[in-house]
Amino acid sequence: MRGLLAALALVLVATACTTSPISEEPDDSTTSTADGIEQPAIVEQSFAGTVPAPEFPVDLDWLNIAAPLQMGSLVGKVVVLDFWTYGCINCIHIIPDLKRLEEEYAAELVVIGVHSAKFLNEGATDNIRQIVRRYGIEHPVVNDADFQIWQTWGAQAWPTVAVVDPAGNVVGTHAGEGVYETIQPVIESLVTEFSDSIDRNPVELALESATQANTVLSYPGKVTTGDGLLYISDTGHHRILAAEPATGEIVAVYGNGHPGFESGVALTAEFDAPQGLAYDEAAGTLYVADTNNHAIRAIDTATGEVTTVAGTGQQGWPPAAGLADTVRLNSPWGLTLHDERLWIAMAGFHQIWVADVEGGVVSPAVGSAREGVANAPLADAELAQPSGLVFDAADRLYFADSESSAIRWADALAADGTTGTLSGSDVNLFDFGDIDGEGTEARLQHPLGVVWDETSGDLVIADTYNSKLKRIDTTTGATTTFLGSTQGWADGTAPQFYEPGGLALAAGILYVADTNNHVVRVVDLETLETSTLVLHGIENFTAPPEDAAFPGTIVALESVTVAAGAGTINLAIELPDGYKVNEDAPSSISFTVTGSIAQFPQGNEQYLTGIELPFPIAADFSAGTGLITADVTLLYCRADSEGLCIIEQIRFSQPLEVGATGDEAITFPHRVVLPEF
């Protein structure tokens, strides 16, 4: 079967992500064009296949659908299988192509994501579920962790797509990017040819996004500090937040929350999955790696104006230096400012670029654009999806080379500079793990974040897929885990993280973009105490209090009548069994009253630290009609583990009539449901 399917290949191009360790020799039934890119010979013929598509194995986990699919049940549909792994940048690049095809052929096409994991962490169904939600994937996805489907179909690289005709026969495969242009004509031809037998009934889905929590942050990717503020890439919400790091009060929001590529003032601007951040203190400018727009944006923090300083909004290939307003970039992921220039981890090109913002020129600085692990002079080195970068005090550039699972360095400012590996394997792209050690004896798993600790002289890294924070001695390369264990969410001196992606360090405080937990964590590097930053005030930049855009649960209560005078509000929140309100964390309640119907002797804002629920709150009611809005932030923990804490944000909306007679107490009821990790 494998050899036969390989012979049916539509096209095999060089833009694929890393080749599988179980791959075979690639099909060579292609012709070469003048530009050296191999293309298949084009023959005018029916695309209908003759070989029946193999059935899916049983007992695999499926997402976005209530029950496993079988190929036999899809007869009458054009089927596209997408073989992917979620850390691969090329796999991410084809998601828009697949969405476009799904929209154009909504009645005729079924896309099935076959997730064949490269990294161990990527093979867990719960982790794939997070990625399905993060990227808004709305087609069925099957977890092919043991490569059963991959081997049957003869896939050789990520991404690979395969097409099945409405009769259930294999049409062929395509490896690499450029999916829409390659297979759209094939799908169009099949829809026409099988027009009388197409099944246009929709496949019933059960989308994972339907159970996704509404949180202030959605998959935050990166953080940075500047002028006393903490800046956060709220990647899943396509915006940038500025917050007071001590209080969590949100003071500015840039981006309207919708993916797009628009300049303008603050909430009128649009980003698309922004990642890296770099703050220019002198100019008051925040630079943003606008990843899915393949652009670098700039925010004037004094005026809120958002502009584009490099990139056209279109993905580029091949990489080539150019003027900032015409150059095409490719998934910029990390940023740092150094030597009066902006340095860019250009994940999609497997290179590091540098931008002369004043001069308006952007160019490659490190890497040949060939994905690999080879160290060499700057222009010849092979990088693998660099995703975070920082300079040390000696002007050496360090970068998190995520697909090689290594922290590498480059003497990027030297005319005769070269690259090297500080921590992690330099053997191949599949040599990863979770081993502390010295230099290339250490093993990491898809690190995304790196910062320089000038106090110790070490690097601090986010070993993302291991859900750990590690230190690296830049002299010896000795790598040591200092925080984190299994993935999860726990504060204290034995914290847990869930795929942390970005780091920022200021005045001995480490800020961590804890991506899959949808929060920012705060680490005191002296005590190694970890806490969760509770963000407040996002509603001031989105919608009025009664609007469902509140980043939590809204409990709209029916109007009640109470008697004027002293009374009580009973906070009747029911926590999951075995959980309690944290005795140290700053849980709180904040009241807003219209109609002057209530006052609170202990203040409109009160701490609820360590309370036992239900909890009474004193109130003085005054005659009239109005509305009490109560915003509650609870940090609750397992009773047997103070470290495992979760945030619950609830807004109670209580219409109220206060008269001469009535009840003396109001009840605010809510049952907390544990989130999925």
# chains A, B, ... in the order shown; residues from 1 in each chain; ligands from 1
call {"tool": "select_by_dssp", "arguments": {"residues": "stretch 426-589 of chain A", "states": "strand (DSSP E)", "output": "short mmCIF file (atom, residue, chain, number, x, y, z; two decimals) with N, CA, C and O atoms, in the first residue's frame"}}
result
data_model
loop_
_atom_site.label_atom_id
_atom_site.label_comp_id
_atom_site.auth_asym_id
_atom_site.auth_seq_id
_atom_site.Cartn_x
_atom_site.Cartn_y
_atom_site.Cartn_z
N GLY A 437 21.93 18.53 32.44
CA GLY A 437 23.30 18.10 32.15
C GLY A 437 24.10 19.25 31.61
O GLY A 437 23.66 20.40 31.60
N GLU A 438 25.29 18.97 31.14
CA GLU A 438 26.19 20.00 30.67
C GLU A 438 26.25 20.02 29.15
O GLU A 438 26.48 18.99 28.50
N GLY A 449 11.12 30.22 25.11
CA GLY A 449 11.46 31.49 25.74
C GLY A 449 12.83 31.48 26.36
O GLY A 449 13.29 30.45 26.87
N VAL A 450 13.51 32.64 26.34
CA VAL A 450 14.83 32.77 26.94
C VAL A 450 15.05 34.21 27.37
O VAL A 450 14.69 35.15 26.66
N VAL A 451 15.60 34.39 28.59
CA VAL A 451 15.96 35.73 29.08
C VAL A 451 17.34 35.65 29.72
O VAL A 451 17.80 34.58 30.13
N TRP A 452 17.98 36.82 29.82
CA TRP A 452 19.30 36.93 30.42
C TRP A 452 19.15 37.46 31.83
O TRP A 452 18.52 38.50 32.06
N ASP A 453 19.71 36.73 32.80
CA ASP A 453 19.70 37.16 34.19
C ASP A 453 21.05 37.82 34.48
O ASP A 453 22.04 37.13 34.71
N ASP A 458 23.36 33.89 34.24
CA ASP A 458 22.77 32.71 33.61
C ASP A 458 21.70 33.12 32.60
O ASP A 458 21.18 34.24 32.62
N LEU A 459 21.34 32.16 31.76
CA LEU A 459 20.12 32.25 30.99
C LEU A 459 19.01 31.55 31.77
O LEU A 459 19.25 30.53 32.43
N VAL A 460 17.82 32.09 31.70
CA VAL A 460 16.63 31.41 32.20
C VAL A 460 15.78 31.09 30.97
O VAL A 460 15.54 31.97 30.13
N ILE A 461 15.35 29.83 30.86
CA ILE A 461 14.62 29.44 29.67
C ILE A 461 13.28 28.81 30.03
O ILE A 461 13.10 28.25 31.12
N ALA A 462 12.34 28.93 29.11
CA ALA A 462 11.08 28.19 29.20
C ALA A 462 11.23 26.94 28.35
O ALA A 462 11.24 27.02 27.12
N ASP A 463 11.41 25.80 29.03
CA ASP A 463 11.49 24.52 28.33
C ASP A 463 10.04 24.07 28.10
O ASP A 463 9.48 23.27 28.84
N LYS A 468 8.62 23.32 32.12
CA LYS A 468 9.57 23.64 33.17
C LYS A 468 10.33 24.92 32.86
O LYS A 468 10.43 25.34 31.71
N LEU A 469 10.86 25.52 33.92
CA LEU A 469 11.81 26.62 33.80
C LEU A 469 13.18 26.09 34.18
O LEU A 469 13.33 25.42 35.19
N LYS A 470 14.19 26.45 33.38
CA LYS A 470 15.54 25.94 33.62
C LYS A 470 16.54 27.08 33.55
O LYS A 470 16.32 28.10 32.89
N ARG A 471 17.67 26.87 34.24
CA ARG A 471 18.80 27.80 34.20
C ARG A 471 19.93 27.16 33.40
O ARG A 471 20.15 25.95 33.47
N ILE A 472 20.66 28.01 32.68
CA ILE A 472 21.82 27.53 31.93
C ILE A 472 23.00 28.43 32.24
O ILE A 472 22.93 29.66 32.05
N ASP A 473 24.07 27.84 32.72
CA ASP A 473 25.33 28.55 32.94
C ASP A 473 25.97 28.77 31.56
O ASP A 473 26.31 27.80 30.87
N ALA A 478 25.99 24.16 31.65
CA ALA A 478 25.28 23.33 32.61
C ALA A 478 23.82 23.78 32.72
O ALA A 478 23.54 24.94 32.99
N THR A 479 22.91 22.83 32.50
CA THR A 479 21.48 23.11 32.49
C THR A 479 20.83 22.46 33.70
O THR A 479 21.02 21.27 33.95
N THR A 480 20.04 23.26 34.44
CA THR A 480 19.42 22.78 35.68
C THR A 480 17.97 23.21 35.74
O THR A 480 17.66 24.40 35.56
N THR A 481 17.09 22.26 36.00
CA THR A 481 15.69 22.60 36.24
C THR A 481 15.56 23.25 37.61
O THR A 481 16.06 22.73 38.60
N PHE A 482 14.90 24.41 37.68
CA PHE A 482 14.73 25.02 38.99
C PHE A 482 13.27 25.25 39.36
O PHE A 482 12.95 25.47 40.52
N LEU A 483 12.35 25.17 38.40
CA LEU A 483 10.93 25.26 38.72
C LEU A 483 10.13 24.45 37.72
O LEU A 483 10.45 24.44 36.52
N PRO A 500 4.70 26.82 29.13
CA PRO A 500 5.04 28.25 29.16
C PRO A 500 5.80 28.64 27.90
O PRO A 500 6.67 27.90 27.42
N GLY A 501 5.47 29.82 27.36
CA GLY A 501 6.04 30.19 26.07
C GLY A 501 6.93 31.41 26.07
O GLY A 501 7.76 31.57 25.18
N GLY A 502 6.76 32.33 27.04
CA GLY A 502 7.53 33.57 27.02
C GLY A 502 7.95 33.99 28.41
O GLY A 502 7.27 33.68 29.40
N LEU A 503 9.09 34.71 28.49
CA LEU A 503 9.64 35.15 29.77
C LEU A 503 10.04 36.62 29.69
O LEU A 503 10.44 37.12 28.64
N ALA A 504 9.94 37.29 30.83
CA ALA A 504 10.48 38.65 30.99
C ALA A 504 11.03 38.75 32.40
O ALA A 504 10.48 38.16 33.34
N LEU A 505 12.10 39.51 32.56
CA LEU A 505 12.77 39.61 33.85
C LEU A 505 13.04 41.07 34.18
O LEU A 505 13.62 41.80 33.37
N ALA A 506 12.61 41.50 35.36
CA ALA A 506 12.83 42.88 35.80
C ALA A 506 12.94 42.90 37.31
O ALA A 506 12.06 42.39 38.02
N ILE A 509 12.30 39.81 39.40
CA ILE A 509 11.00 39.17 39.24
C ILE A 509 10.90 38.63 37.82
O ILE A 509 11.09 39.37 36.85
N LEU A 510 10.60 37.36 37.72
CA LEU A 510 10.44 36.70 36.43
C LEU A 510 8.95 36.58 36.11
O LEU A 510 8.17 36.07 36.91
N TYR A 511 8.58 37.08 34.94
CA TYR A 511 7.19 36.97 34.47
C TYR A 511 7.13 35.88 33.40
O TYR A 511 7.95 35.85 32.48
N VAL A 512 6.16 34.99 33.54
CA VAL A 512 6.06 33.82 32.68
C VAL A 512 4.71 33.82 31.97
O VAL A 512 3.66 33.85 32.64
N ALA A 513 4.73 33.80 30.66
CA ALA A 513 3.50 33.61 29.90
C ALA A 513 3.18 32.13 29.94
O ALA A 513 3.76 31.33 29.20
N ASP A 514 2.28 31.74 30.85
CA ASP A 514 1.93 30.33 31.05
C ASP A 514 0.81 30.00 30.07
O ASP A 514 -0.38 30.03 30.41
N VAL A 519 -2.70 32.38 31.71
CA VAL A 519 -2.37 33.35 32.76
C VAL A 519 -0.90 33.76 32.64
O VAL A 519 -0.13 33.16 31.90
N VAL A 520 -0.54 34.78 33.41
CA VAL A 520 0.85 35.16 33.62
C VAL A 520 1.22 34.76 35.04
O VAL A 520 0.51 35.08 35.99
N ARG A 521 2.35 34.09 35.17
CA ARG A 521 2.85 33.69 36.48
C ARG A 521 3.99 34.62 36.87
O ARG A 521 4.71 35.16 36.02
N VAL A 522 4.16 34.80 38.18
CA VAL A 522 5.16 35.72 38.71
C VAL A 522 6.08 34.92 39.64
O VAL A 522 5.61 34.30 40.59
N VAL A 523 7.40 34.96 39.36
CA VAL A 523 8.37 34.20 40.14
C VAL A 523 9.36 35.16 40.79
O VAL A 523 10.01 35.95 40.10
N ASP A 524 9.47 35.11 42.10
CA ASP A 524 10.50 35.84 42.82
C ASP A 524 11.77 34.98 42.76
O ASP A 524 11.84 33.92 43.36
N GLU A 529 9.44 31.69 44.99
CA GLU A 529 8.00 31.63 45.22
C GLU A 529 7.28 32.04 43.93
O GLU A 529 7.58 33.08 43.34
N THR A 530 6.33 31.22 43.51
CA THR A 530 5.57 31.49 42.29
C THR A 530 4.13 31.84 42.65
O THR A 530 3.51 31.17 43.49
N SER A 531 3.61 32.87 42.01
CA SER A 531 2.21 33.24 42.19
C SER A 531 1.59 33.49 40.82
O SER A 531 2.27 33.54 39.80
N THR A 532 0.29 33.64 40.82
CA THR A 532 -0.45 33.91 39.59
C THR A 532 -0.92 35.36 39.60
O THR A 532 -1.52 35.81 40.57
N LEU A 533 -0.63 36.09 38.52
CA LEU A 533 -1.06 37.48 38.42
C LEU A 533 -2.53 37.52 38.03
O LEU A 533 -2.91 37.03 36.95
N THR A 553 -17.68 34.09 34.33
CA THR A 553 -19.07 33.63 34.33
C THR A 553 -19.98 34.75 34.80
O THR A 553 -19.73 35.38 35.83
N ILE A 554 -21.04 35.02 34.04
CA ILE A 554 -22.01 36.04 34.43
C ILE A 554 -23.26 35.35 34.98
O ILE A 554 -23.85 34.48 34.32
N VAL A 555 -23.63 35.70 36.20
CA VAL A 555 -24.82 35.15 36.84
C VAL A 555 -25.86 36.27 36.91
O VAL A 555 -25.75 37.19 37.73
N ALA A 556 -26.85 36.21 36.01
CA ALA A 556 -27.91 37.22 35.97
C ALA A 556 -29.06 36.74 36.85
O ALA A 556 -29.71 35.72 36.55
N VAL A 560 -35.33 41.10 43.08
CA VAL A 560 -35.87 40.78 44.40
C VAL A 560 -36.17 42.08 45.14
O VAL A 560 -35.69 43.16 44.77
N THR A 561 -36.96 41.96 46.21
CA THR A 561 -37.31 43.10 47.04
C THR A 561 -36.74 42.89 48.43
O THR A 561 -36.90 41.80 49.02
N VAL A 562 -36.05 43.90 48.95
CA VAL A 562 -35.49 43.82 50.30
C VAL A 562 -35.96 45.03 51.10
O VAL A 562 -36.40 46.05 50.54
N ALA A 563 -35.84 44.89 52.41
CA ALA A 563 -36.24 45.98 53.30
C ALA A 563 -35.09 46.95 53.48
O ALA A 563 -33.92 46.55 53.55
N GLY A 565 -32.47 49.33 55.22
CA GLY A 565 -31.76 49.19 56.47
C GLY A 565 -30.63 48.19 56.36
O GLY A 565 -30.22 47.80 55.26
N ALA A 566 -30.13 47.75 57.51
CA ALA A 566 -29.01 46.82 57.53
C ALA A 566 -29.44 45.46 56.98
O ALA A 566 -30.51 44.95 57.31
N GLY A 567 -28.59 44.90 56.12
CA GLY A 567 -28.90 43.60 55.54
C GLY A 567 -27.62 42.85 55.20
O GLY A 567 -26.52 43.23 55.61
N THR A 568 -27.80 41.78 54.43
CA THR A 568 -26.67 40.90 54.13
C THR A 568 -26.75 40.40 52.69
O THR A 568 -27.86 40.15 52.18
N ILE A 569 -25.61 40.30 52.09
CA ILE A 569 -25.49 39.57 50.82
C ILE A 569 -24.73 38.28 51.12
O ILE A 569 -23.60 38.31 51.60
N ASN A 570 -25.38 37.16 50.86
CA ASN A 570 -24.75 35.86 51.09
C ASN A 570 -24.07 35.39 49.81
O ASN A 570 -24.73 35.14 48.80
N LEU A 571 -22.77 35.31 49.88
CA LEU A 571 -21.98 34.83 48.74
C LEU A 571 -22.00 33.30 48.79
O LEU A 571 -21.18 32.67 49.45
N ALA A 572 -22.97 32.71 48.09
CA ALA A 572 -23.21 31.27 48.17
C ALA A 572 -22.54 30.56 47.00
O ALA A 572 -23.20 29.94 46.16
N ILE A 573 -21.23 30.66 46.95
CA ILE A 573 -20.46 29.99 45.90
C ILE A 573 -20.07 28.60 46.38
O ILE A 573 -19.53 28.45 47.47
N GLU A 574 -20.36 27.61 45.55
CA GLU A 574 -20.04 26.22 45.90
C GLU A 574 -18.80 25.79 45.12
O GLU A 574 -18.81 25.75 43.88
N TYR A 579 -11.86 21.35 47.63
CA TYR A 579 -11.21 22.62 47.34
C TYR A 579 -11.64 23.68 48.35
O TYR A 579 -12.72 23.59 48.94
N LYS A 580 -10.79 24.69 48.54
CA LYS A 580 -11.09 25.78 49.46
C LYS A 580 -10.50 27.08 48.91
O LYS A 580 -9.65 27.07 48.02
N VAL A 581 -10.96 28.21 49.44
CA VAL A 581 -10.41 29.50 49.05
C VAL A 581 -8.99 29.62 49.59
O VAL A 581 -8.73 29.33 50.76
N SER A 588 -11.07 38.51 45.87
CA SER A 588 -11.69 39.82 46.15
C SER A 588 -13.09 39.88 45.57
O SER A 588 -13.50 39.05 44.75
N ILE A 589 -13.85 40.91 46.03
CA ILE A 589 -15.15 41.23 45.47
C ILE A 589 -15.22 42.74 45.30
O ILE A 589 -14.72 43.50 46.14
#
call {"tool": "residues_around", "arguments": {"residues": "A:Ile149", "least_positions_apart": "5", "cutoff": "12 Å", "atoms": "only C-alpha atoms", "output": "number ranges by chain"}}
result
A: 1-2, 53-58, 60, 81-84, 112-117, 142-144, 154-156, 162
call {"tool": "closest_atom_pairs", "arguments": {"of": "stretch 496-527 of chain A", "to": "stretch 656-675 of chain A", "cutoff": "12 Å", "atoms": "only C-alpha atoms", "output": "Markdown table"}}
result
| residue | atom | partner | partner_atom | distance |
| --- | --- | --- | --- | --- |
| A:Asn516 | CA | A:Pro675 | CA | 11.8 |
| A:Asn517 | CA | A:Pro675 | CA | 9.9 |
| A:His518 | CA | A:Pro675 | CA | 11.5 |
call {"tool": "write_last_selection", "arguments": {"atoms": "N, CA, C and O atoms", "output": "CSV table (one decimal), in the first residue's frame"}}
result
chain,number,residue,atom,x,y,z
A,516,ASN,N,-0.8,27.6,28.2
A,516,ASN,CA,-2.0,26.8,28.2
A,516,ASN,C,-2.8,26.9,29.5
A,516,ASN,O,-4.0,26.4,29.5
A,517,ASN,N,-2.3,27.6,30.4
A,517,ASN,CA,-3.1,28.0,31.6
A,517,ASN,C,-3.8,29.3,31.5
A,517,ASN,O,-4.6,29.8,32.4
A,518,HIS,N,-3.5,30.1,30.4
A,518,HIS,CA,-4.2,31.3,30.1
A,518,HIS,C,-3.9,32.4,31.1
A,518,HIS,O,-4.8,33.2,31.4
call {"tool": "residues_around", "arguments": {"residues": "A:Val357", "least_positions_apart": "2", "cutoff": "9 Å", "atoms": "only C-alpha atoms", "output": "PDB file with C-alpha atoms, in the first residue's frame"}}
result
ATOM      1  CA  VAL A 309       7.200  48.979  10.572  1.00  0.00           C
ATOM      2  CA  ALA A 310       8.071  45.903   8.489  1.00  0.00           C
ATOM      3  CA  ALA A 324      10.646  47.542   5.468  1.00  0.00           C
ATOM      4  CA  GLU A 340      19.954  50.208  18.245  1.00  0.00           C
ATOM      5  CA  ARG A 341      18.417  47.549  16.051  1.00  0.00           C
ATOM      6  CA  LEU A 342      15.482  45.175  16.330  1.00  0.00           C
ATOM      7  CA  ALA A 355      15.733  45.484  11.312  1.00  0.00           C
ATOM      8  CA  GLY A 359      16.771  53.225   8.062  1.00  0.00           C
ATOM      9  CA  GLY A 360      13.808  51.138   6.953  1.00  0.00           C
ATOM     10  CA  VAL A 361      15.820  48.051   5.971  1.00  0.00           C
ATOM     11  CA  VAL A 362      15.244  44.461   7.127  1.00  0.00           C
TER      12      VAL A 362
END
call {"tool": "atom_distance", "arguments": {"atom1": "atom CA of A:Phe600", "atom2": "atom CA of A:Thr625"}}
result
16.7 Å
call {"tool": "residues_around", "arguments": {"residues": "A:Gly76", "least_positions_apart": "2", "cutoff": "7 Å", "atoms": "only C-alpha atoms", "output": "ChimeraX atom specification"}}
result
/A:74,78,166-167,197-199
call {"tool": "write_last_selection", "arguments": {"atoms": "all heavy atoms", "output": "short mmCIF file (atom, residue, chain, number, x, y, z; two decimals), in the first residue's frame"}}
result
data_model
loop_
_atom_site.label_atom_id
_atom_site.label_comp_id
_atom_site.auth_asym_id
_atom_site.auth_seq_id
_atom_site.Cartn_x
_atom_site.Cartn_y
_atom_site.Cartn_z
N LEU A 74 -17.83 8.06 4.89
CA LEU A 74 -17.59 9.34 4.22
C LEU A 74 -17.71 9.24 2.71
O LEU A 74 -17.39 10.19 1.99
CB LEU A 74 -16.20 9.86 4.60
CG LEU A 74 -16.01 10.17 6.08
CD1 LEU A 74 -14.55 10.54 6.37
CD2 LEU A 74 -16.94 11.29 6.54
N VAL A 78 -15.71 14.54 -0.67
CA VAL A 78 -14.28 14.69 -0.91
C VAL A 78 -13.63 14.78 0.46
O VAL A 78 -14.07 15.56 1.31
CB VAL A 78 -13.96 15.94 -1.74
CG1 VAL A 78 -12.44 16.07 -1.94
CG2 VAL A 78 -14.67 15.91 -3.08
N PRO A 166 -14.98 11.12 -3.87
CA PRO A 166 -16.28 10.75 -3.28
C PRO A 166 -16.63 9.27 -3.40
O PRO A 166 -17.56 8.81 -2.72
CB PRO A 166 -17.27 11.62 -4.05
CG PRO A 166 -16.47 12.81 -4.48
CD PRO A 166 -15.12 12.24 -4.82
N ALA A 167 -15.90 8.52 -4.21
CA ALA A 167 -16.12 7.08 -4.28
C ALA A 167 -15.31 6.34 -3.23
O ALA A 167 -15.40 5.11 -3.12
CB ALA A 167 -15.76 6.56 -5.67
N SER A 197 -23.38 12.18 -7.33
CA SER A 197 -23.28 11.27 -6.18
C SER A 197 -22.71 11.92 -4.93
O SER A 197 -22.46 11.24 -3.94
CB SER A 197 -22.42 10.05 -6.56
OG SER A 197 -21.12 10.46 -6.96
N ILE A 198 -22.50 13.24 -4.97
CA ILE A 198 -21.97 13.95 -3.81
C ILE A 198 -22.99 13.93 -2.67
O ILE A 198 -24.19 14.17 -2.88
CB ILE A 198 -21.63 15.41 -4.16
CG1 ILE A 198 -20.40 15.47 -5.05
CG2 ILE A 198 -21.43 16.25 -2.91
CD1 ILE A 198 -19.09 15.30 -4.32
N ASP A 199 -22.52 13.64 -1.48
CA ASP A 199 -23.35 13.71 -0.27
C ASP A 199 -23.15 15.10 0.33
O ASP A 199 -22.08 15.42 0.85
CB ASP A 199 -22.92 12.64 0.72
CG ASP A 199 -23.69 12.71 2.03
OD1 ASP A 199 -24.62 13.54 2.14
OD2 ASP A 199 -23.34 11.96 2.96
#
call {"tool": "select_by_dssp", "arguments": {"residues": "stretch 62-179 of chain A", "states": "helix (DSSP H, G or I)", "output": "number ranges by chain"}}
result
A: 71-74, 89-93, 95-104, 121-123, 125-134, 148-153, 179
call {"tool": "residues_around", "arguments": {"residues": "A:Gly228", "least_positions_apart": "5", "cutoff": "10 Å", "atoms": "only C-alpha atoms", "output": "PyMOL selection string"}}
result
chain A and resi 243-246+506
call {"tool": "closest_residue", "arguments": {"among": "A:Gln184, A:Asn121, A:Thr215, A:Thr235", "to": "A:Glu102", "atoms": "only C-alpha atoms"}}
result
A:Gln184
call {"tool": "residues_around", "arguments": {"residues": "A:Val354", "least_positions_apart": "5", "cutoff": "10 Å", "atoms": "only C-alpha atoms", "output": "list in words"}}
result
Ala321, Leu335, Thr336, Leu337, His338, Arg341, Leu342, Trp343, Ile344, Ala345, Met346, Val361, Val362, Ser363, Pro364, Ala365, Val366 and Ala412 of chain A
call {"tool": "closest_residue", "arguments": {"among": "A:Ile89, A:Val170, A:Ala67, A:Ala564", "to": "A:Ala347", "atoms": "only C-alpha atoms"}}
result
A:Ile89
